[in-house]
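Participant: Enclosed is the structure file entry-v6.tsv (TSV, C-alpha atoms).
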chain	number	residue	atom	x	y	z
A	141	MET	CA	0.00	0.00	0.00
A	142	SER	CA	1.63	3.28	1.07
A	143	LEU	CA	3.57	5.18	3.72
A	144	SER	CA	3.33	8.93	4.36
A	145	ILE	CA	6.11	10.42	6.49
A	146	VAL	CA	4.31	13.38	8.03
A	147	GLY	CA	5.70	16.55	9.58
A	148	LEU	CA	3.23	17.77	12.22
A	149	GLY	CA	4.75	21.22	12.73
A	150	PRO	CA	6.05	22.61	16.01
A	151	GLY	CA	3.05	21.80	18.18
A	152	ALA	CA	-0.22	23.66	17.90
A	153	PRO	CA	-2.82	22.34	15.40
A	154	GLU	CA	-3.01	25.67	13.57
A	155	HIS	CA	0.57	25.14	12.36
A	156	ARG	CA	-0.20	21.81	10.66
A	157	THR	CA	-0.60	21.76	6.90
A	158	ALA	CA	-3.76	20.56	5.19
A	159	ALA	CA	-1.71	17.83	3.49
A	160	ALA	CA	-0.46	16.56	6.85
A	161	GLU	CA	-3.98	16.41	8.28
A	162	ARG	CA	-5.30	14.62	5.19
A	163	ALA	CA	-2.55	11.99	5.31
A	164	ILE	CA	-3.32	11.20	8.95
A	165	ARG	CA	-7.08	11.09	8.48
A	166	GLU	CA	-6.79	8.79	5.46
A	167	ALA	CA	-4.32	6.41	7.12
A	168	ASP	CA	-5.28	2.98	8.43
A	169	VAL	CA	-2.30	2.96	10.80
A	170	ILE	CA	-0.53	5.85	12.53
A	171	CYS	CA	2.99	5.25	13.87
A	172	GLY	CA	5.06	7.63	15.96
A	173	TYR	CA	6.83	8.52	19.16
A	174	GLY	CA	4.19	8.73	21.89
A	175	PRO	CA	4.12	12.54	22.32
A	176	TYR	CA	3.83	12.96	18.54
A	177	LEU	CA	0.77	10.72	18.46
A	178	ASP	CA	-0.68	12.87	21.24
A	179	GLN	CA	0.06	15.93	19.10
A	180	CYS	CA	-2.31	14.70	16.38
A	181	ALA	CA	-4.86	12.94	18.62
A	182	ASP	CA	-7.64	15.22	17.35
A	183	LEU	CA	-7.22	13.62	13.89
A	184	VAL	CA	-7.51	10.03	15.10
A	185	ASP	CA	-10.80	8.26	14.38
A	186	GLY	CA	-10.42	4.52	14.75
A	187	GLN	CA	-7.00	4.08	13.17
A	188	GLU	CA	-4.53	1.61	14.64
A	189	LEU	CA	-1.90	3.44	16.70
A	190	VAL	CA	1.67	2.16	16.97
A	191	ARG	CA	3.26	4.06	19.83
A	192	GLY	CA	7.07	4.22	19.99
A	193	ARG	CA	9.56	5.35	22.60
A	194	MET	CA	12.54	7.70	22.55
A	195	GLY	CA	15.60	6.07	21.01
A	196	GLU	CA	13.64	3.54	18.95
A	197	GLU	CA	13.71	5.40	15.65
A	198	VAL	CA	14.94	2.45	13.57
A	199	GLU	CA	12.38	0.11	15.10
A	200	ARG	CA	9.62	2.67	14.52
A	201	ALA	CA	10.59	3.13	10.86
A	202	SER	CA	10.77	-0.64	10.35
A	203	ALA	CA	7.35	-1.16	11.93
A	204	ALA	CA	5.81	1.54	9.73
A	205	LEU	CA	7.31	0.03	6.56
A	206	ALA	CA	6.18	-3.48	7.49
A	207	ARG	CA	2.59	-2.32	7.95
A	208	ALA	CA	2.75	-0.21	4.77
A	209	ARG	CA	2.94	-3.38	2.67
A	210	HIS	CA	-0.69	-4.08	3.51
A	211	ALA	CA	-2.16	-0.76	4.72
A	212	ARG	CA	-2.04	3.01	4.39
A	213	VAL	CA	0.37	4.17	7.07
A	214	ALA	CA	1.23	7.63	8.43
A	215	LEU	CA	4.55	7.90	10.29
A	216	VAL	CA	4.35	11.16	12.21
A	217	SER	CA	7.20	13.39	13.32
A	218	SER	CA	7.30	16.74	15.06
A	219	GLY	CA	8.27	19.79	13.01
A	220	ASP	CA	9.47	18.71	9.56
A	221	ALA	CA	10.30	15.01	9.29
A	222	GLY	CA	13.24	15.82	7.02
A	223	VAL	CA	14.90	18.21	9.50
A	224	HIS	CA	16.48	16.13	12.28
A	225	GLY	CA	13.43	13.87	12.02
A	226	MET	CA	12.32	10.44	10.81
A	227	ALA	CA	12.42	10.88	7.04
A	228	ALA	CA	16.07	10.12	6.20
A	229	ARG	CA	16.25	6.99	8.35
A	230	THR	CA	12.94	5.67	7.01
A	231	LEU	CA	13.76	6.37	3.36
A	232	ALA	CA	17.08	4.55	3.71
A	233	LEU	CA	15.25	1.48	5.02
A	234	ALA	CA	12.59	1.77	2.30
A	235	ALA	CA	15.10	1.58	-0.56
A	236	GLY	CA	14.31	-1.51	-2.64
A	237	LEU	CA	10.97	-2.22	-0.98
A	238	ASP	CA	7.76	-2.29	-2.98
A	239	VAL	CA	6.13	0.47	-0.91
A	240	GLN	CA	4.98	3.87	-2.12
A	241	VAL	CA	6.51	6.50	0.19
A	242	ASP	CA	5.66	10.20	0.35
A	243	VAL	CA	7.18	12.88	2.57
A	244	ILE	CA	4.74	15.54	3.81
A	245	PRO	CA	6.55	18.74	4.87
A	246	GLY	CA	5.89	20.54	8.12
A	247	VAL	CA	6.87	23.80	9.84
A	248	THR	CA	10.17	23.15	11.58
A	249	ALA	CA	11.07	24.58	14.99
A	250	ALA	CA	13.56	27.08	13.58
A	251	LEU	CA	10.87	28.77	11.50
A	252	ALA	CA	8.35	28.78	14.34
A	253	ALA	CA	10.84	30.34	16.75
A	254	ALA	CA	12.05	32.85	14.16
A	255	ALA	CA	8.50	34.03	13.55
A	256	ARG	CA	8.07	34.77	17.25
A	257	LEU	CA	11.19	36.95	17.15
A	258	GLY	CA	10.55	38.72	13.84
A	259	ALA	CA	12.81	37.79	10.91
A	260	PRO	CA	16.22	36.71	12.25
A	261	LEU	CA	16.63	34.19	9.40
A	262	ALA	CA	15.93	36.66	6.57
A	263	ASP	CA	19.63	36.64	5.67
A	264	ASP	CA	21.64	33.44	5.15
A	265	TRP	CA	21.37	30.95	7.99
A	266	ALA	CA	22.24	27.41	9.00
A	267	SER	CA	20.68	24.79	11.22
A	268	LEU	CA	22.71	22.38	13.28
A	269	SER	CA	21.85	19.64	15.76
A	270	LEU	CA	24.15	19.61	18.80
A	271	SER	CA	23.13	16.08	19.76
A	272	ASP	CA	26.13	13.79	20.23
A	273	LEU	CA	24.15	10.55	20.52
A	274	GLN	CA	24.89	9.43	16.97
A	275	VAL	CA	27.61	11.90	15.98
A	276	PRO	CA	30.76	12.32	18.12
A	277	TRP	CA	31.05	15.66	19.91
A	278	ALA	CA	34.31	16.35	18.04
A	279	VAL	CA	32.35	16.32	14.77
A	280	VAL	CA	29.55	18.48	16.21
A	281	GLU	CA	32.12	20.96	17.52
A	282	ARG	CA	33.90	21.15	14.15
A	283	ARG	CA	30.64	21.83	12.33
A	284	LEU	CA	29.54	24.43	14.88
A	285	SER	CA	32.89	26.19	14.67
A	286	GLY	CA	32.67	26.33	10.88
A	287	VAL	CA	29.18	27.83	10.66
A	288	ALA	CA	29.86	30.19	13.57
A	289	ALA	CA	32.95	31.52	11.80
A	290	ALA	CA	30.92	32.07	8.61
A	291	GLY	CA	28.81	34.75	10.29
A	292	LEU	CA	25.51	33.04	9.50
A	293	ALA	CA	22.45	33.20	11.70
A	294	LEU	CA	22.21	29.87	13.51
A	295	ALA	CA	19.30	27.67	14.57
A	296	LEU	CA	20.69	25.17	17.07
A	297	TYR	CA	18.56	22.07	17.61
A	298	ASN	CA	19.03	19.69	20.57
A	299	PRO	CA	21.20	22.28	22.36
A	300	ALA	CA	21.22	20.39	25.67
A	301	SER	CA	20.20	17.08	27.19
A	302	ARG	CA	20.02	15.47	30.62
A	303	SER	CA	23.73	14.73	30.42
A	304	ARG	CA	24.98	17.55	28.18
A	305	SER	CA	25.08	21.27	28.96
A	306	PHE	CA	25.01	24.05	26.38
A	307	ALA	CA	28.24	25.43	27.91
A	308	PRO	CA	30.72	23.77	25.49
A	309	ALA	CA	28.75	25.05	22.50
A	310	LEU	CA	28.66	28.55	23.99
A	311	ASP	CA	32.44	28.46	24.36
A	312	VAL	CA	32.77	27.63	20.65
A	313	LEU	CA	30.41	30.45	19.66
A	314	LEU	CA	32.31	33.01	21.73
A	315	VAL	CA	35.51	32.20	19.84
A	316	HIS	CA	33.92	33.40	16.59
A	317	ARG	CA	31.16	35.84	17.57
A	318	ALA	CA	31.08	39.14	19.48
A	319	PRO	CA	29.92	38.89	23.11
A	320	ASP	CA	26.98	41.24	22.38
A	321	THR	CA	25.59	39.00	19.59
A	322	PRO	CA	21.80	38.70	20.09
A	323	VAL	CA	20.59	35.24	21.10
A	324	ALA	CA	17.15	33.79	21.80
A	325	ILE	CA	16.33	30.66	23.78
A	326	ALA	CA	12.99	29.41	22.47
A	327	THR	CA	11.48	26.64	24.59
A	328	ASN	CA	8.30	24.69	23.83
A	329	VAL	CA	7.50	26.92	20.85
A	330	ALA	CA	3.82	26.61	19.82
A	331	ARG	CA	3.20	24.31	22.79
A	332	ALA	CA	1.94	24.73	26.32
A	333	GLY	CA	4.52	26.52	28.47
A	334	GLU	CA	6.16	28.40	25.60
A	335	THR	CA	8.93	30.81	26.62
A	336	ILE	CA	11.13	33.05	24.48
A	337	ALA	CA	14.12	34.46	26.37
A	338	THR	CA	16.32	37.03	24.61
A	339	THR	CA	19.88	37.61	25.69
A	340	THR	CA	23.42	37.88	24.29
A	341	LEU	CA	26.26	35.41	24.06
A	342	ALA	CA	27.98	37.15	26.97
A	343	THR	CA	24.96	37.05	29.28
A	344	LEU	CA	23.36	33.75	28.23
A	345	ASP	CA	22.45	31.51	31.18
A	346	VAL	CA	23.22	27.95	30.07
A	347	SER	CA	20.89	26.56	32.75
A	348	ALA	CA	17.95	28.09	30.81
A	349	VAL	CA	18.72	25.90	27.77
A	350	THR	CA	16.88	22.57	27.98
A	351	MET	CA	16.06	19.52	25.85
A	352	ARG	CA	12.94	21.34	24.66
A	353	SER	CA	14.79	24.50	23.62
A	354	LEU	CA	15.98	25.78	20.28
A	355	VAL	CA	18.74	28.41	20.40
A	356	LEU	CA	18.74	31.11	17.71
A	357	VAL	CA	21.96	33.09	17.29
A	358	ALA	CA	21.86	36.25	15.18
A	359	GLY	CA	24.11	36.44	12.15
A	360	ASP	CA	26.47	39.27	11.17
A	361	SER	CA	23.54	41.27	9.77
A	362	GLY	CA	21.22	40.57	12.71
A	363	ALA	CA	20.06	43.49	14.83
A	364	TRP	CA	17.09	44.58	16.90
A	365	ALA	CA	14.50	46.73	15.12
A	366	GLY	CA	12.44	47.80	18.09
A	367	ALA	CA	10.97	44.61	19.52
A	368	TRP	CA	11.92	42.54	16.46
A	369	LEU	CA	15.15	40.71	15.70
A	370	VAL	CA	15.88	41.13	11.98
A	371	GLY	CA	18.53	39.82	9.64
A	372	THR	CA	18.92	42.24	6.73
A	373	ARG	CA	20.27	40.79	3.51
A	374	GLY	CA	23.37	42.61	2.30
A	375	ALA	CA	23.64	44.95	5.31
A	376	PRO	CA	26.11	43.53	7.85
Take the structure in the file and write it out as structure tokens.
Facilitator:
Amino acid sequence: MSLSIVGLGPGAPEHRTAAAERAIREADVICGYGPYLDQCADLVDGQELVRGRMGEEVERASAALARARHARVALVSSGDAGVHGMAARTLALAAGLDVQVDVIPGVTAALAAAARLGAPLADDWASLSLSDLQVPWAVVERRLSGVAAAGLALALYNPASRSRSFAPALDVLLVHRAPDTPVAIATNVARAGETIATTTLATLDVSAVTMRSLVLVAGDSGAWAGAWLVGTRGAP
């Protein structure tokens, strides 16, 4: 049959696309990490739910593909499934299988957080995951150093975890960026308990950065325009 890999957006239903909602409603089976299934619970009407746990991404993708041989399956992911989500892993497993696979885009956390702040990503920008679960920290640090030195605005996913502080990443940023560079810590964007804390690299409190945060760092052209943080193309 078919598999739709669906990006649900950052959280609130109003940020889901019509295509994402249609794929979930038309599915026979919905697979996903438990909180992501909860995120689209209002679209569930009798479908089979396959609830996964954190760290079981390969198992979840395999289960979705196995069911997709005989049913219409929606594999849901927060934000955009192709941005630090389930799409790449699932597509790699799907290669060579006789299953129709579609990827349904969603609003990723960087765009949701940027909209709250104004237009900090209007000039060139880069996104980077700081997670070292599957990539060694030495590789993460090298990538972060490279994009920080380039002067781009940065959207930093997975900036901290239960065992990893944002402090080492902050040290890397301060090597390449001025201490007064504007920074925002966006936590639970478009979800209950949303907070947007604005600060600078010099005054950033690393204890405020959590697993549910996304850190936005202004680029060379980034500056405050009243209450809005704006990146202006061609005007560093």
Participant: Show me, as a PyMOL selection string, the residues that have an atom within 12 Å of Ala348 (chain A) when counting all atoms listed in the file, minus same-chain residues fewer than 6 positions from it.
Facilitator: chain A and resi 299-301+305-307+324-327+335-339+354-355
Participant: Between CA of Arg212 (chain A) and CA of Pro245 (chain A), what is the spacing in Å?
Facilitator: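 Distance reported for this atom pair: 17.9 Å.
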Participant: Closest to Ser285 (chain A) among A:Ala262, A:Leu231, A:Val315, A:Val239, using only C-alpha atoms?
Facilitator: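 Between A:Ala262, A:Leu231, A:Val315, A:Val239, the residue approaching Ser285 (chain A) most closely is A:Val315.
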Participant: If we count only C-alpha atoms and set the cut-off at 12 Å, which residues sit around Val247 (chain A), ignoring sequence neighbours fewer than 6 positions away in its own chain? Please answer as a PyMOL selection string.
Facilitator: chain A and resi 146-157+160+217-223+253-255+329-330
Participant: Record the distance separating CA of Gly172 (chain A) and CA of Ser267 (chain A), expressed in Å with one decimal.
Facilitator: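 Atom-to-atom, CA of Gly172 (chain A) and CA of Ser267 (chain A) are spaced 23.7 Å apart.
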Participant: Within 7 Å of Ser142 (chain A), counting only C-alpha atoms, which residues qualify if same-chain residues fewer than 6 places away don't, as a ChimeraX atom specification?
Facilitator: /A:208-209,211-213,239-241
Participant: How many Å separate CA of Arg165 (chain A) from CA of Ala232 (chain A)?
Facilitator: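 Spanning CA of Arg165 (chain A) to CA of Ala232 (chain A) is a straight-line distance of 25.5 Å.
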Participant: Because some atoms of region 269-297 of chain A are absent here, can you restore N, CA and C atoms and send them as a JSON list (two decimals), in the coordinates of the input?
Facilitator:
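Final output, part.json:
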[["chain", "number", "residue", "atom", "x", "y", "z"],
["A", 269, "SER", "N", 22.21, 20.37, 14.55],
["A", 269, "SER", "CA", 21.85, 19.64, 15.76],
["A", 269, "SER", "C", 23.11, 19.46, 16.60],
["A", 270, "LEU", "N", 23.00, 19.77, 17.89],
["A", 270, "LEU", "CA", 24.15, 19.61, 18.80],
["A", 270, "LEU", "C", 24.14, 18.25, 19.50],
["A", 271, "SER", "N", 23.19, 17.39, 19.14],
["A", 271, "SER", "CA", 23.13, 16.08, 19.76],
["A", 271, "SER", "C", 24.39, 15.27, 19.42],
["A", 272, "ASP", "N", 24.96, 14.64, 20.45],
["A", 272, "ASP", "CA", 26.13, 13.79, 20.23],
["A", 272, "ASP", "C", 25.81, 12.32, 20.45],
["A", 273, "LEU", "N", 24.53, 11.94, 20.34],
["A", 273, "LEU", "CA", 24.15, 10.55, 20.52],
["A", 273, "LEU", "C", 24.60, 9.68, 19.36],
["A", 274, "GLN", "N", 24.52, 10.21, 18.15],
["A", 274, "GLN", "CA", 24.89, 9.43, 16.97],
["A", 274, "GLN", "C", 26.06, 10.03, 16.21],
["A", 275, "VAL", "N", 26.46, 11.23, 16.59],
["A", 275, "VAL", "CA", 27.61, 11.90, 15.98],
["A", 275, "VAL", "C", 28.56, 12.30, 17.11],
["A", 276, "PRO", "N", 29.84, 11.96, 17.05],
["A", 276, "PRO", "CA", 30.76, 12.32, 18.12],
["A", 276, "PRO", "C", 30.82, 13.82, 18.34],
["A", 277, "TRP", "N", 31.02, 14.22, 19.60],
["A", 277, "TRP", "CA", 31.05, 15.66, 19.91],
["A", 277, "TRP", "C", 32.14, 16.37, 19.10],
["A", 278, "ALA", "N", 33.25, 15.71, 18.82],
["A", 278, "ALA", "CA", 34.31, 16.35, 18.04],
["A", 278, "ALA", "C", 33.80, 16.78, 16.67],
["A", 279, "VAL", "N", 32.92, 15.98, 16.07],
["A", 279, "VAL", "CA", 32.35, 16.32, 14.77],
["A", 279, "VAL", "C", 31.35, 17.48, 14.92],
["A", 280, "VAL", "N", 30.50, 17.39, 15.94],
["A", 280, "VAL", "CA", 29.55, 18.48, 16.21],
["A", 280, "VAL", "C", 30.29, 19.79, 16.42],
["A", 281, "GLU", "N", 31.35, 19.75, 17.21],
["A", 281, "GLU", "CA", 32.12, 20.96, 17.52],
["A", 281, "GLU", "C", 32.76, 21.54, 16.27],
["A", 282, "ARG", "N", 33.29, 20.67, 15.40],
["A", 282, "ARG", "CA", 33.90, 21.15, 14.15],
["A", 282, "ARG", "C", 32.86, 21.83, 13.27],
["A", 283, "ARG", "N", 31.68, 21.23, 13.16],
["A", 283, "ARG", "CA", 30.64, 21.83, 12.33],
["A", 283, "ARG", "C", 30.18, 23.16, 12.91],
["A", 284, "LEU", "N", 29.99, 23.19, 14.24],
["A", 284, "LEU", "CA", 29.54, 24.43, 14.88],
["A", 284, "LEU", "C", 30.57, 25.53, 14.70],
["A", 285, "SER", "N", 31.84, 25.19, 14.85],
["A", 285, "SER", "CA", 32.89, 26.19, 14.67],
["A", 285, "SER", "C", 32.88, 26.75, 13.26],
["A", 286, "GLY", "N", 32.67, 25.88, 12.27],
["A", 286, "GLY", "CA", 32.67, 26.33, 10.88],
["A", 286, "GLY", "C", 31.54, 27.28, 10.56],
["A", 287, "VAL", "N", 30.31, 26.94, 10.98],
["A", 287, "VAL", "CA", 29.18, 27.83, 10.66],
["A", 287, "VAL", "C", 29.21, 29.08, 11.52],
["A", 288, "ALA", "N", 29.74, 28.99, 12.73],
["A", 288, "ALA", "CA", 29.86, 30.19, 13.57],
["A", 288, "ALA", "C", 30.85, 31.17, 12.95],
["A", 289, "ALA", "N", 31.95, 30.66, 12.43],
["A", 289, "ALA", "CA", 32.95, 31.52, 11.80],
["A", 289, "ALA", "C", 32.43, 32.16, 10.53],
["A", 290, "ALA", "N", 31.46, 31.54, 9.87],
["A", 290, "ALA", "CA", 30.92, 32.07, 8.61],
["A", 290, "ALA", "C", 30.03, 33.28, 8.81],
["A", 291, "GLY", "N", 29.64, 33.57, 10.04],
["A", 291, "GLY", "CA", 28.81, 34.75, 10.29],
["A", 291, "GLY", "C", 27.34, 34.56, 10.00],
["A", 292, "LEU", "N", 26.91, 33.31, 9.79],
["A", 292, "LEU", "CA", 25.51, 33.04, 9.50],
["A", 292, "LEU", "C", 24.67, 33.09, 10.77],
["A", 293, "ALA", "N", 23.38, 33.42, 10.60],
["A", 293, "ALA", "CA", 22.45, 33.20, 11.70],
["A", 293, "ALA", "C", 22.35, 31.69, 11.91],
["A", 294, "LEU", "N", 22.18, 31.28, 13.18],
["A", 294, "LEU", "CA", 22.21, 29.87, 13.51],
["A", 294, "LEU", "C", 20.94, 29.45, 14.25],
["A", 295, "ALA", "N", 20.39, 28.31, 13.84],
["A", 295, "ALA", "CA", 19.30, 27.67, 14.57],
["A", 295, "ALA", "C", 19.87, 26.36, 15.12],
["A", 296, "LEU", "N", 20.03, 26.30, 16.43],
["A", 296, "LEU", "CA", 20.69, 25.17, 17.07],
["A", 296, "LEU", "C", 19.66, 24.26, 17.71],
["A", 297, "TYR", "N", 19.48, 23.08, 17.09],
["A", 297, "TYR", "CA", 18.56, 22.07, 17.61],
["A", 297, "TYR", "C", 19.27, 21.23, 18.67]]
